[in-house]
Structure formats: structure tokens, C-alpha cells
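**Student:** Provided herewith: structure28.pdb, PDB, C-alpha atoms.
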ATOM      1  CA  MET A 925     -50.379 -19.351  -1.997
ATOM      2  CA  LYS A 926     -51.683 -22.133   0.249
ATOM      3  CA  ILE A 927     -55.165 -23.376  -0.632
ATOM      4  CA  ASP A 928     -56.085 -26.782   0.713
ATOM      5  CA  ARG A 929     -55.210 -27.932   4.259
ATOM      6  CA  PHE A 930     -54.680 -25.668   7.269
ATOM      7  CA  ASP A 931     -53.809 -26.387  10.886
ATOM      8  CA  PHE A 932     -55.694 -25.018  13.898
ATOM      9  CA  ASP A 933     -53.496 -21.916  14.300
ATOM     10  CA  GLU A 934     -53.914 -21.025  10.626
ATOM     11  CA  LEU A 935     -57.685 -21.415  10.869
ATOM     12  CA  GLN A 936     -57.672 -19.045  13.824
ATOM     13  CA  GLN A 937     -55.975 -16.463  11.602
ATOM     14  CA  PHE A 938     -58.696 -16.866   8.962
ATOM     15  CA  LYS A 939     -61.284 -16.523  11.734
ATOM     16  CA  ALA A 940     -59.659 -13.296  12.959
ATOM     17  CA  ALA A 941     -59.698 -11.836   9.439
ATOM     18  CA  GLN A 942     -63.369 -12.741   9.053
ATOM     19  CA  ALA A 943     -64.212 -11.158  12.433
ATOM     20  CA  THR A 944     -62.447  -7.936  11.409
ATOM     21  CA  ALA A 945     -64.402  -7.802   8.152
ATOM     22  CA  TYR A 946     -67.751  -8.303   9.875
ATOM     23  CA  ASP A 947     -66.943  -5.722  12.535
ATOM     24  CA  VAL A 948     -66.041  -3.171   9.875
ATOM     25  CA  VAL A 949     -69.226  -3.581   7.805
ATOM     26  CA  ARG A 950     -71.406  -3.444  10.923
ATOM     27  CA  THR A 951     -69.603  -0.273  12.050
ATOM     28  CA  VAL A 952     -70.211   1.374   8.675
ATOM     29  CA  ALA A 953     -73.818   0.115   8.508
ATOM     30  CA  ARG A 954     -74.619   1.858  11.796
ATOM     31  CA  GLU A 955     -73.393   5.131  10.255
ATOM     32  CA  MET A 956     -75.446   4.900   7.046
ATOM     33  CA  THR A 957     -78.030   7.586   6.428
ATOM     34  CA  ALA A 958     -80.513   8.352   3.672
ATOM     35  CA  GLY A 959     -78.867  10.047   0.718
ATOM     36  CA  MET A 960     -75.546   8.239   0.962
ATOM     37  CA  THR A 961     -74.431   6.488  -2.222
ATOM     38  CA  GLU A 962     -73.064   2.995  -2.732
ATOM     39  CA  LEU A 963     -69.733   4.548  -3.652
ATOM     40  CA  GLN A 964     -69.621   6.534  -0.418
ATOM     41  CA  VAL A 965     -70.465   3.522   1.744
ATOM     42  CA  ALA A 966     -67.940   1.296  -0.035
ATOM     43  CA  GLY A 967     -65.360   4.043   0.431
ATOM     44  CA  ARG A 968     -66.086   4.189   4.146
ATOM     45  CA  ILE A 969     -65.599   0.443   4.431
ATOM     46  CA  GLY A 970     -62.220   0.721   2.730
ATOM     47  CA  ALA A 971     -61.193   3.633   4.954
ATOM     48  CA  GLU A 972     -62.216   1.754   8.113
ATOM     49  CA  LEU A 973     -60.226  -1.305   7.066
ATOM     50  CA  GLU A 974     -57.203   0.865   6.373
ATOM     51  CA  ARG A 975     -57.599   2.524   9.772
ATOM     52  CA  ARG A 976     -57.350  -0.946  11.292
ATOM     53  CA  GLY A 977     -54.153  -1.715   9.439
ATOM     54  CA  VAL A 978     -55.538  -3.686   6.486
ATOM     55  CA  ARG A 979     -53.631  -2.824   3.320
ATOM     56  CA  ASP A 980     -54.486  -5.638   0.903
ATOM     57  CA  MET A 981     -57.810  -6.885  -0.448
ATOM     58  CA  PHE A 982     -58.988 -10.141  -2.000
ATOM     59  CA  HIS A 983     -61.485  -7.825  -3.656
ATOM     60  CA  GLN A 984     -62.488  -4.212  -3.051
ATOM     61  CA  PRO A 985     -65.582  -3.365  -0.940
ATOM     62  CA  PHE A 986     -68.952  -3.664  -2.663
ATOM     63  CA  ALA A 987     -72.210  -1.998  -1.595
ATOM     64  CA  TRP A 988     -75.628  -2.588  -3.177
ATOM     65  CA  PHE A 989     -78.855  -0.719  -2.356
ATOM     66  CA  GLY A 990     -82.523  -1.264  -3.228
ATOM     67  CA  ASP A 991     -83.251  -3.556  -6.162
ATOM     68  CA  ARG A 992     -79.521  -3.713  -6.842
ATOM     69  CA  THR A 993     -79.366  -6.120  -3.878
ATOM     70  CA  ALA A 994     -81.288  -8.501  -6.175
ATOM     71  CA  PHE A 995     -78.917  -7.791  -9.106
ATOM     72  CA  ARG A 996     -81.912  -6.606 -11.076
ATOM     73  CA  ASN A 997     -81.025  -6.112 -14.760
ATOM     74  CA  PHE A 998     -77.336  -6.795 -14.093
ATOM     75  CA  GLY A 999     -75.446  -7.532 -17.285
ATOM     76  CA  PRO A1000     -71.729  -6.791 -17.703
ATOM     77  CA  ASP A1001     -69.461  -7.619 -14.776
ATOM     78  CA  THR A1002     -68.975  -3.895 -14.177
ATOM     79  CA  ASP A1003     -72.595  -3.714 -12.936
ATOM     80  CA  PHE A1004     -71.397  -5.281  -9.692
ATOM     81  CA  LEU A1005     -69.202  -2.298  -8.862
ATOM     82  CA  PRO A1006     -70.582   0.389  -6.490
ATOM     83  CA  THR A1007     -72.574   3.189  -8.113
ATOM     84  CA  ASP A1008     -74.093   6.545  -7.241
ATOM     85  CA  ARG A1009     -77.389   4.856  -6.244
ATOM     86  CA  CYS A1010     -78.673   6.744  -3.191
ATOM     87  CA  LEU A1011     -79.884   5.042  -0.047
ATOM     88  CA  GLU A1012     -83.519   5.610   0.930
ATOM     89  CA  LYS A1013     -85.456   4.722   4.058
ATOM     90  CA  GLY A1014     -86.592   1.100   4.030
ATOM     91  CA  MET A1015     -84.128   0.022   1.337
ATOM     92  CA  PRO A1016     -82.334  -3.310   1.603
ATOM     93  CA  VAL A1017     -78.532  -3.081   1.750
ATOM     94  CA  ILE A1018     -75.818  -5.653   1.070
ATOM     95  CA  LEU A1019     -72.200  -4.964   2.013
ATOM     96  CA  ASP A1020     -69.496  -7.337   0.772
ATOM     97  CA  VAL A1021     -65.806  -7.062   1.581
ATOM     98  CA  ALA A1022     -62.730  -9.291   1.433
ATOM     99  CA  PRO A1023     -59.695  -8.040   3.343
ATOM    100  CA  ILE A1024     -56.367  -9.846   3.572
ATOM    101  CA  GLN A1025     -55.162  -9.656   7.159
ATOM    102  CA  ASP A1026     -51.624 -10.804   7.951
ATOM    103  CA  GLY A1027     -51.646 -12.812   4.724
ATOM    104  CA  TYR A1028     -54.970 -14.565   5.402
ATOM    105  CA  ALA A1029     -57.756 -13.781   2.937
ATOM    106  CA  CYS A1030     -61.429 -13.766   3.835
ATOM    107  CA  ASP A1031     -64.643 -12.782   2.082
ATOM    108  CA  ILE A1032     -67.878 -11.832   3.843
ATOM    109  CA  GLY A1033     -71.341 -10.573   2.977
ATOM    110  CA  TYR A1034     -73.722  -8.724   5.281
ATOM    111  CA  THR A1035     -77.390  -7.836   4.696
ATOM    112  CA  THR A1036     -79.329  -5.122   6.475
ATOM    113  CA  SER A1037     -81.814  -2.353   5.666
ATOM    114  CA  LEU A1038     -82.246   1.299   6.495
ATOM    115  CA  GLY A1039     -85.227   0.830   8.773
ATOM    116  CA  ARG A1040     -87.642  -2.069   8.666
ATOM    117  CA  ASN A1041     -87.947  -4.206   5.541
ATOM    118  CA  ASP A1042     -90.175  -7.282   5.767
ATOM    119  CA  ASP A1043     -88.752  -8.822   2.578
ATOM    120  CA  VAL A1044     -85.238  -8.712   3.997
ATOM    121  CA  GLU A1045     -86.318 -10.291   7.270
ATOM    122  CA  ALA A1046     -88.161 -13.112   5.479
ATOM    123  CA  MET A1047     -85.144 -13.836   3.281
ATOM    124  CA  GLN A1048     -82.701 -13.753   6.195
ATOM    125  CA  LYS A1049     -84.780 -16.404   7.920
ATOM    126  CA  VAL A1050     -84.657 -18.655   4.836
ATOM    127  CA  LEU A1051     -80.917 -18.065   4.473
ATOM    128  CA  MET A1052     -80.343 -19.619   7.892
ATOM    129  CA  GLU A1053     -82.047 -22.761   6.634
ATOM    130  CA  CYS A1054     -79.733 -22.600   3.622
ATOM    131  CA  ARG A1055     -76.758 -22.460   5.984
ATOM    132  CA  ASP A1056     -77.671 -25.744   7.692
ATOM    133  CA  PHE A1057     -78.556 -27.310   4.332
ATOM    134  CA  ILE A1058     -75.189 -26.490   2.748
ATOM    135  CA  LEU A1059     -73.257 -27.819   5.732
ATOM    136  CA  ALA A1060     -75.274 -31.035   5.854
ATOM    137  CA  GLY A1061     -74.627 -31.607   2.150
ATOM    138  CA  ALA A1062     -70.894 -31.025   2.514
ATOM    139  CA  ARG A1063     -70.737 -33.358   5.522
ATOM    140  CA  ALA A1064     -72.591 -36.033   3.575
ATOM    141  CA  ARG A1065     -69.898 -35.689   0.882
ATOM    142  CA  LYS A1066     -72.476 -34.885  -1.771
ATOM    143  CA  PRO A1067     -70.968 -33.503  -4.989
ATOM    144  CA  PHE A1068     -70.708 -29.729  -5.056
ATOM    145  CA  ARG A1069     -72.973 -29.592  -8.104
ATOM    146  CA  GLN A1070     -75.657 -31.668  -6.360
ATOM    147  CA  ILE A1071     -75.642 -29.441  -3.267
ATOM    148  CA  TYR A1072     -76.002 -26.380  -5.506
ATOM    149  CA  ARG A1073     -78.960 -27.817  -7.409
ATOM    150  CA  GLU A1074     -80.726 -29.105  -4.310
ATOM    151  CA  LEU A1075     -80.265 -25.685  -2.719
ATOM    152  CA  ASP A1076     -82.069 -24.184  -5.720
ATOM    153  CA  GLY A1077     -85.049 -26.367  -4.840
ATOM    154  CA  LEU A1078     -85.038 -25.263  -1.213
ATOM    155  CA  ILE A1079     -84.939 -21.598  -2.225
ATOM    156  CA  ALA A1080     -87.784 -22.062  -4.722
ATOM    157  CA  ARG A1081     -89.953 -23.871  -2.161
ATOM    158  CA  HIS A1082     -89.801 -20.758  -0.008
ATOM    159  CA  GLY A1083     -90.904 -18.576  -2.915
ATOM    160  CA  PHE A1084     -87.563 -16.913  -3.625
ATOM    161  CA  VAL A1085     -85.101 -17.056  -6.520
ATOM    162  CA  ASN A1086     -81.418 -17.892  -6.757
ATOM    163  CA  VAL A1087     -79.282 -14.775  -7.311
ATOM    164  CA  HIS A1088     -75.819 -16.330  -6.942
ATOM    165  CA  ARG A1089     -76.327 -17.773 -10.440
ATOM    166  CA  ILE A1090     -75.880 -14.178 -11.694
ATOM    167  CA  TYR A1091     -72.370 -13.941 -10.261
ATOM    168  CA  PRO A1092     -69.479 -14.570 -12.668
ATOM    169  CA  GLU A1093     -69.236 -18.342 -13.230
ATOM    170  CA  ARG A1094     -72.539 -18.805 -11.309
ATOM    171  CA  VAL A1095     -70.608 -19.290  -8.065
ATOM    172  CA  LEU A1096     -72.145 -20.360  -4.783
ATOM    173  CA  ALA A1097     -68.681 -20.363  -3.222
ATOM    174  CA  HIS A1098     -64.994 -19.976  -3.968
ATOM    175  CA  ARG A1099     -61.762 -20.864  -2.248
ATOM    176  CA  VAL A1100     -59.903 -18.420  -0.053
ATOM    177  CA  PHE A1101     -56.277 -18.892   0.768
ATOM    178  CA  ARG A1102     -53.183 -17.803   2.588
ATOM    179  CA  PHE A1103     -50.983 -15.511   0.550
ATOM    180  CA  GLY A1104     -47.282 -16.364   0.519
ATOM    181  CA  GLY A1105     -46.424 -12.719   1.055
ATOM    182  CA  SER A1106     -43.932 -12.188  -1.774
ATOM    183  CA  ARG A1107     -43.441  -8.547  -2.621
ATOM    184  CA  ALA A1108     -44.372  -9.164  -6.248
ATOM    185  CA  GLN A1109     -47.673 -10.781  -5.261
ATOM    186  CA  GLN A1110     -48.490  -8.012  -2.798
ATOM    187  CA  PHE A1111     -47.735  -5.402  -5.452
ATOM    188  CA  LEU A1112     -49.833  -7.080  -8.151
ATOM    189  CA  GLN A1113     -52.740  -7.644  -5.750
ATOM    190  CA  ARG A1114     -53.229  -3.873  -5.643
ATOM    191  CA  PHE A1115     -54.115  -3.806  -9.344
ATOM    192  CA  ARG A1116     -57.872  -4.367  -9.700
ATOM    193  CA  VAL A1117     -59.825  -6.298 -12.315
ATOM    194  CA  LEU A1118     -63.568  -5.842 -11.711
ATOM    195  CA  GLY A1119     -62.748  -5.137  -8.073
ATOM    196  CA  PHE A1120     -60.519  -8.185  -7.567
ATOM    197  CA  GLY A1121     -56.772  -8.118  -7.045
ATOM    198  CA  LEU A1122     -54.995  -9.173 -10.256
ATOM    199  CA  PRO A1123     -53.444 -12.443  -8.904
ATOM    200  CA  THR A1124     -56.780 -13.378  -7.303
ATOM    201  CA  TYR A1125     -58.729 -12.726 -10.498
ATOM    202  CA  VAL A1126     -56.306 -14.657 -12.706
ATOM    203  CA  TRP A1127     -56.081 -17.598 -10.310
ATOM    204  CA  LEU A1128     -59.820 -17.928  -9.662
ATOM    205  CA  LEU A1129     -61.161 -17.446 -13.178
ATOM    206  CA  GLY A1130     -58.136 -18.728 -15.083
ATOM    207  CA  ARG A1131     -57.916 -21.966 -13.147
ATOM    208  CA  ALA A1132     -61.700 -22.381 -13.327
ATOM    209  CA  ALA A1133     -61.535 -22.080 -17.125
ATOM    210  CA  LEU A1134     -58.746 -24.678 -17.295
ATOM    211  CA  ALA A1135     -60.724 -27.037 -15.045
ATOM    212  CA  ARG A1136     -63.415 -27.187 -17.712
ATOM    213  CA  LEU A1137     -60.813 -28.322 -20.257
ATOM    214  CA  VAL A1138     -58.340 -30.446 -18.290
ATOM    215  CA  PRO A1139     -59.724 -33.665 -16.758
ATOM    216  CA  GLY A1140     -58.888 -33.981 -13.070
ATOM    217  CA  LEU A1141     -57.910 -30.337 -12.568
ATOM    218  CA  GLN A1142     -59.714 -28.911  -9.543
ATOM    219  CA  SER A1143     -61.630 -25.666  -9.930
ATOM    220  CA  PRO A1144     -61.372 -23.080  -7.129
ATOM    221  CA  LEU A1145     -65.055 -22.270  -7.741
ATOM    222  CA  TRP A1146     -68.212 -24.067  -6.572
ATOM    223  CA  ASN A1147     -71.064 -23.854  -9.059
ATOM    224  CA  ASP A1148     -73.537 -26.152 -10.822
ATOM    225  CA  GLY A1149     -71.290 -26.955 -13.777
ATOM    226  CA  PRO A1150     -69.834 -30.342 -14.757
ATOM    227  CA  GLU A1151     -66.442 -29.296 -13.350
ATOM    228  CA  CYS A1152     -68.048 -29.401  -9.863
ATOM    229  CA  ALA A1153     -69.479 -32.919 -10.129
ATOM    230  CA  HIS A1154     -67.127 -34.151  -7.402
ATOM    231  CA  ALA A1155     -67.063 -34.514  -3.632
ATOM    232  CA  PRO A1156     -66.241 -31.420  -1.547
ATOM    233  CA  LEU A1157     -62.587 -30.388  -1.811
ATOM    234  CA  PRO A1158     -60.500 -29.729   1.326
ATOM    235  CA  GLY A1159     -59.762 -26.098   2.083
ATOM    236  CA  VAL A1160     -61.422 -22.910   3.268
ATOM    237  CA  TRP A1161     -64.374 -21.839   1.127
ATOM    238  CA  ALA A1162     -66.216 -18.500   1.136
ATOM    239  CA  VAL A1163     -69.853 -19.555   0.732
ATOM    240  CA  GLU A1164     -72.405 -16.939  -0.382
ATOM    241  CA  PRO A1165     -76.005 -18.025  -0.960
ATOM    242  CA  HIS A1166     -77.841 -15.026  -2.386
ATOM    243  CA  ILE A1167     -81.609 -14.933  -2.912
ATOM    244  CA  ALA A1168     -84.243 -12.438  -4.025
ATOM    245  CA  THR A1169     -87.962 -11.863  -4.255
ATOM    246  CA  PRO A1170     -89.425 -13.166  -7.551
ATOM    247  CA  ASP A1171     -89.851  -9.629  -8.863
ATOM    248  CA  TYR A1172     -86.245  -8.782  -7.945
ATOM    249  CA  ARG A1173     -87.247  -5.791  -5.850
ATOM    250  CA  ALA A1174     -85.049  -6.936  -2.923
ATOM    251  CA  GLY A1175     -82.233  -9.400  -2.300
ATOM    252  CA  ALA A1176     -80.342 -10.765   0.679
ATOM    253  CA  LYS A1177     -77.254 -12.857   1.289
ATOM    254  CA  TRP A1178     -74.647 -13.788   3.787
ATOM    255  CA  GLU A1179     -71.121 -14.888   3.066
ATOM    256  CA  GLU A1180     -68.843 -16.681   5.495
ATOM    257  CA  MET A1181     -66.103 -19.275   5.519
ATOM    258  CA  LEU A1182     -66.669 -23.028   5.501
ATOM    259  CA  VAL A1183     -63.816 -25.385   6.411
ATOM    260  CA  ILE A1184     -63.773 -28.666   4.485
ATOM    261  CA  THR A1185     -61.433 -31.509   5.448
ATOM    262  CA  ASP A1186     -60.970 -34.940   3.886
ATOM    263  CA  THR A1187     -63.731 -36.362   6.091
ATOM    264  CA  ASP A1188     -65.716 -33.459   7.566
ATOM    265  CA  ALA A1189     -66.946 -29.897   7.155
ATOM    266  CA  TYR A1190     -67.808 -27.110   9.593
ATOM    267  CA  TRP A1191     -68.374 -23.369   9.649
ATOM    268  CA  LEU A1192     -65.328 -21.465  10.803
ATOM    269  CA  ASP A1193     -67.372 -19.422  13.284
ATOM    270  CA  ASP A1194     -70.958 -19.745  14.532
ATOM    271  CA  ASP A1195     -70.830 -16.332  16.206
ATOM    272  CA  VAL A1196     -71.200 -14.268  13.032
ATOM    273  CA  PRO A1197     -73.825 -11.491  12.736
ATOM    274  CA  HIS A1198     -76.499 -13.465  10.861
ATOM    275  CA  CYS A1199     -76.239 -16.308  13.392
ATOM    276  CA  ARG A1200     -76.504 -13.932  16.342
ATOM    277  CA  GLN A1201     -79.529 -12.251  14.772
ATOM    278  CA  ALA A1202     -81.205 -15.602  14.053
ATOM    279  CA  ARG A1203     -80.724 -16.760  17.641
ATOM    280  CA  ARG A1204     -82.052 -13.472  18.982
ATOM    281  CA  LYS A1205     -85.163 -13.668  16.811
ATOM    282  CA  GLY A1206     -85.722 -17.358  17.512
ATOM    283  CA  TRP A1207     -85.219 -18.490  13.894
ATOM    284  CA  TRP A1208     -82.279 -20.759  14.646
ATOM    285  CA  SER A1209     -80.768 -22.227  17.779
ATOM    286  CA  GLY A1210     -77.403 -23.465  16.524
ATOM    287  CA  SER A1211     -78.388 -27.023  15.672
ATOM    288  CA  ALA A1212     -76.246 -30.071  16.294
ATOM    289  CA  VAL A1213     -75.084 -30.066  12.685
ATOM    290  CA  ASN A1214     -73.002 -26.974  13.471
ATOM    291  CA  ALA A1215     -71.428 -28.337  16.643
ATOM    292  CA  ARG A1216     -68.037 -29.131  15.096
ATOM    293  CA  ASN A1217     -66.696 -25.673  15.969
ATOM    294  CA  ASP A1218     -67.190 -26.294  19.687
ATOM    295  CA  VAL A1219     -65.386 -29.621  19.447
ATOM    296  CA  VAL A1220     -62.427 -28.087  17.614
ATOM    297  CA  ALA A1221     -62.170 -25.210  20.071
ATOM    298  CA  ALA A1222     -62.291 -27.569  23.054
ATOM    299  CA  ALA A1223     -59.566 -29.766  21.601
ATOM    300  CA  ALA A1224     -57.163 -26.870  20.942
TER     301      ALA A1224
END
Could you quickly redo this structure as C-alpha cells?
**Tutor:**
Amino acid sequence: MKIDRFDFDELQQFKAAQATAYDVVRTVAREMTAGMTELQVAGRIGAELERRGVRDMFHQPFAWFGDRTAFRNFGPDTDFLPTDRCLEKGMPVILDVAPIQDGYACDIGYTTSLGRNDDVEAMQKVLMECRDFILAGARARKPFRQIYRELDGLIARHGFVNVHRIYPERVLAHRVFRFGGSRAQQFLQRFRVLGFGLPTYVWLLGRAALARLVPGLQSPLWNDGPECAHAPLPGVWAVEPHIATPDYRAGAKWEEMLVITDTDAYWLDDDVPHCRQARRKGWWSGSAVNARNDVVAAAA
């Protein structure tokens, strides 16, 4: 698998995979009705991806409703898997999916609600501030751990709590990569461990564990641990800030891909659903800090 540096054409393939994933979750979200379960919605996402020709997954589709969007009382890793929780009017919803399209992996998260939810709207607004903050930190070459901890402060100042610390290994982000396409790898990827393909699970968590023991070994995860006390690493990173109300009654997140080079960083695409919504509502105008995408596109 290729993990660190990608040329323009390869980045366009990652961008296409991400666009497919977002289009699928938005299609399924429009079809959601009260009474549907997380399992049913996750199944619809998988079926829609398959209809579009996607056969492999970085991880299986996840769907969380109500206070499960805040990971309330989550314990074992199996709590993250979809359940028979039923959707009700006004509930927050998070959909998370990671297809592999033509060998290019992506991972996205999408927040919505069944009808109006003021908590969700307030958190989505703050999450756009988080987006600019993360990019500015990466561009300033701040250590991953420092960006993570400073982001905690930003979230707290807005009266919300960090939920990504509840993910396995407390991840704010993880690498995505281009699969080499060997038959053995494709076969093994279809075996799931807590929703993740077997090679993905072993590589992400196994290498992260080794990075804590072997000096100089780079972790594929971005968290607040000592193994992330280094400048941003080149590659494509799936970044997923996730926040909740202090009582954990509702949570919200987005997840999209950040490109990091030896000297710069930029979001792979500024035309993703949460950006379009933020522009439409006047929360965010696409500040100069995000302008790298336009420069790259113009130069291609």
C-alpha cells in the first residue's frame, strides 16, 4: 500500500472516492424515516455503494442515532457498530463510511437530523471553526499532539466536549492510502474486525502500537499521545473532529481528507456537504487559509 506522497492524478482519485461516499450518505439520509434502525440505514448505505460498483471497504458503514451520536456510555469497541436503535423525529444522526474506489481508500463522516435540531446546528457551526483551526495548525507545522490539545481548548470554549477521544486510540485522524490491489489483500480486506477490513485494522492499530515502543517509527494515527509529538507527516489523512453537548444528549462530526506535504497542508476538497451548508447559512465563507485547493486545481 502507498501511504505518504501522491501526485495530482492520484489525489484526484482520492477526491473522487470521497465525493462518491458523500453522495451516497446524502442519498440515504434523504430516504430516512422515523422507525428505521441504525442497522437498516447502514445496510442501505452499503447497498447503495455496491450499486455504484464499490466492492471493498476501509471499514463498513456506521450509523448512530440520538445520544449514540455523542457515544454516550460507549465502552467496548463493539458499541460503535450499528444497532437496532430506532430513529425518531428531531434526533441527530451521524453516518460514517469508508469505501475503497479503484484502489483509493477514503473515510467520511456526515451529520444531519430528522427534522430540526438546534444542538446539531450549533455544533456544526463550531465544527467549521475547528476545520480552519486544524488546517492552520498543520500549515504552521505544529506537532500533531499540540494541534489536538489546542483543539480541545477551542471546543471547550464553545461549551462542548471532545468525543473523538472515545474512539479507539483517541484518534482525531488517521492515514488513508492507496491499496496495491493484490488479490490476497483484496480477499483479506473483506474479513471484518470491529467493522474494519483485516489488513486495515492490523496496519492501523498494529503499527500504532509499535510506534509507542520503537523510537522513530511513525504512527498512522493522530492523537494526543507522545508518539504524535512530531510535525505533521506527509500523506492523506482522514480528519474527524467529533464533539457533543456536555450532557452527551447529542453529538456531531464531519470527516474529510486533509493532504499534508513536506511544506504545506490543504483540504482535498472545499466543496463537501458541511462546507456547502456553512456557506449557505453564512457561518463560513471559505477563508484564505483554505485557498490551496484553488491554486492546485489551476496549476493542473
**Student:** I'd like the residues picked by the PyMOL selection byres ((chain A and resi 1180-1191) around 7) written out as an NGL selection string, using the chain letters and numbers from the file.
**Tutor:** :A and (1031-1032 or 1059 or 1062-1063 or 1157-1164 or 1178-1179 or 1192-1194 or 1214 or 1216-1217)
**Student:** Leaving out A:Leu935 and any residue of its chain fewer than 3 positions from it, which residues lie within 10 Å of it when counting only C-alpha atoms, given as a list in words?
**Tutor:**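 Listed by chain and then number, they are Arg929, Phe930, Asp931, Phe932, Phe938, Lys939, Ala940, Ala941, Tyr1028, Val1160, Val1183 and Leu1192 of chain A.
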**Student:** I'd like to know which of A:Leu1038, A:Pro1000, A:Asp1171, A:Arg992 is closest to A:Arg954, using all atoms listed in the file.
**Tutor:**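 Between A:Leu1038, A:Pro1000, A:Asp1171, A:Arg992, the residue approaching A:Arg954 most closely is A:Leu1038.
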**Student:** Any chance you could resolve the PyMOL selection byres ((chain A and resi 995) around 12) against this file and give the residues as a count of residues only?
**Tutor:** 40
**Student:** Choose the residue, out of A:Ala1080, A:Thr951, A:Met960, A:Ala1097, that has the smallest atom-to-atom separation from A:Asp1008; count all atoms listed in the file.
**Tutor:**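 Using all atoms listed in the file, the shortest distance to A:Asp1008 belongs to A:Met960.
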**Student:** If we count all atoms listed in the file and set the cut-off at 10 Å, which residues sit around stretch 1070-1077 of chain A, ignoring sequence neighbours fewer than 3 positions away in its own chain? Please answer as an mmCIF file with C-alpha atoms, keeping the file's coordinate frame.
**Tutor:**
data_model
loop_
_atom_site.group_PDB
_atom_site.id
_atom_site.type_symbol
_atom_site.label_atom_id
_atom_site.label_comp_id
_atom_site.auth_asym_id
_atom_site.auth_seq_id
_atom_site.Cartn_x
_atom_site.Cartn_y
_atom_site.Cartn_z
ATOM 1 C CA GLU A 1053 -82.047 -22.761 6.634
ATOM 2 C CA CYS A 1054 -79.733 -22.600 3.622
ATOM 3 C CA ARG A 1055 -76.758 -22.460 5.984
ATOM 4 C CA PHE A 1057 -78.556 -27.310 4.332
ATOM 5 C CA ILE A 1058 -75.189 -26.490 2.748
ATOM 6 C CA LEU A 1059 -73.257 -27.819 5.732
ATOM 7 C CA ALA A 1060 -75.274 -31.035 5.854
ATOM 8 C CA GLY A 1061 -74.627 -31.607 2.150
ATOM 9 C CA ALA A 1062 -70.894 -31.025 2.514
ATOM 10 C CA ALA A 1064 -72.591 -36.033 3.575
ATOM 11 C CA ARG A 1065 -69.898 -35.689 0.882
ATOM 12 C CA LYS A 1066 -72.476 -34.885 -1.771
ATOM 13 C CA PRO A 1067 -70.968 -33.503 -4.989
ATOM 14 C CA ALA A 1080 -87.784 -22.062 -4.722
ATOM 15 C CA ARG A 1081 -89.953 -23.871 -2.161
ATOM 16 C CA HIS A 1082 -89.801 -20.758 -0.008
ATOM 17 C CA GLY A 1083 -90.904 -18.576 -2.915
ATOM 18 C CA PHE A 1084 -87.563 -16.913 -3.625
ATOM 19 C CA VAL A 1085 -85.101 -17.056 -6.520
ATOM 20 C CA ASN A 1086 -81.418 -17.892 -6.757
ATOM 21 C CA VAL A 1087 -79.282 -14.775 -7.311
ATOM 22 C CA ARG A 1089 -76.327 -17.773 -10.440
ATOM 23 C CA VAL A 1095 -70.608 -19.290 -8.065
ATOM 24 C CA LEU A 1096 -72.145 -20.360 -4.783
ATOM 25 C CA ALA A 1097 -68.681 -20.363 -3.222
ATOM 26 C CA TRP A 1146 -68.212 -24.067 -6.572
ATOM 27 C CA ASN A 1147 -71.064 -23.854 -9.059
ATOM 28 C CA ASP A 1148 -73.537 -26.152 -10.822
ATOM 29 C CA GLY A 1149 -71.290 -26.955 -13.777
ATOM 30 C CA CYS A 1152 -68.048 -29.401 -9.863
ATOM 31 C CA ALA A 1153 -69.479 -32.919 -10.129
ATOM 32 C CA HIS A 1154 -67.127 -34.151 -7.402
ATOM 33 C CA ALA A 1155 -67.063 -34.514 -3.632
ATOM 34 C CA PRO A 1156 -66.241 -31.420 -1.547
ATOM 35 C CA PRO A 1165 -76.005 -18.025 -0.960
ATOM 36 C CA ILE A 1167 -81.609 -14.933 -2.912
#
**Student:** Here is a test: counting all atoms listed in the file, which residue of A:Ala945, A:Gly1039, A:Lys1049, A:Ile1024 is nearest to A:Arg979?
**Tutor:**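 Looking at the shortest contact to A:Arg979, the residue is A:Ile1024.
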**Student:** Measuring between all atoms listed in the file, which one of A:Ala1132, A:Val1021, A:Leu1051, A:Val1100 shows the shortest distance to A:Leu1078?
**Tutor:**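 Ranked by minimum distance to A:Leu1078, first place goes to A:Leu1051.
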**Student:** Which residue is closest to A:Val949? Choose from A:Phe1068, A:Leu1134, A:Cys1010, A:Pro1197 and count all atoms listed in the file.
**Tutor:**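 For A:Val949, the nearest of the candidates is A:Pro1197.
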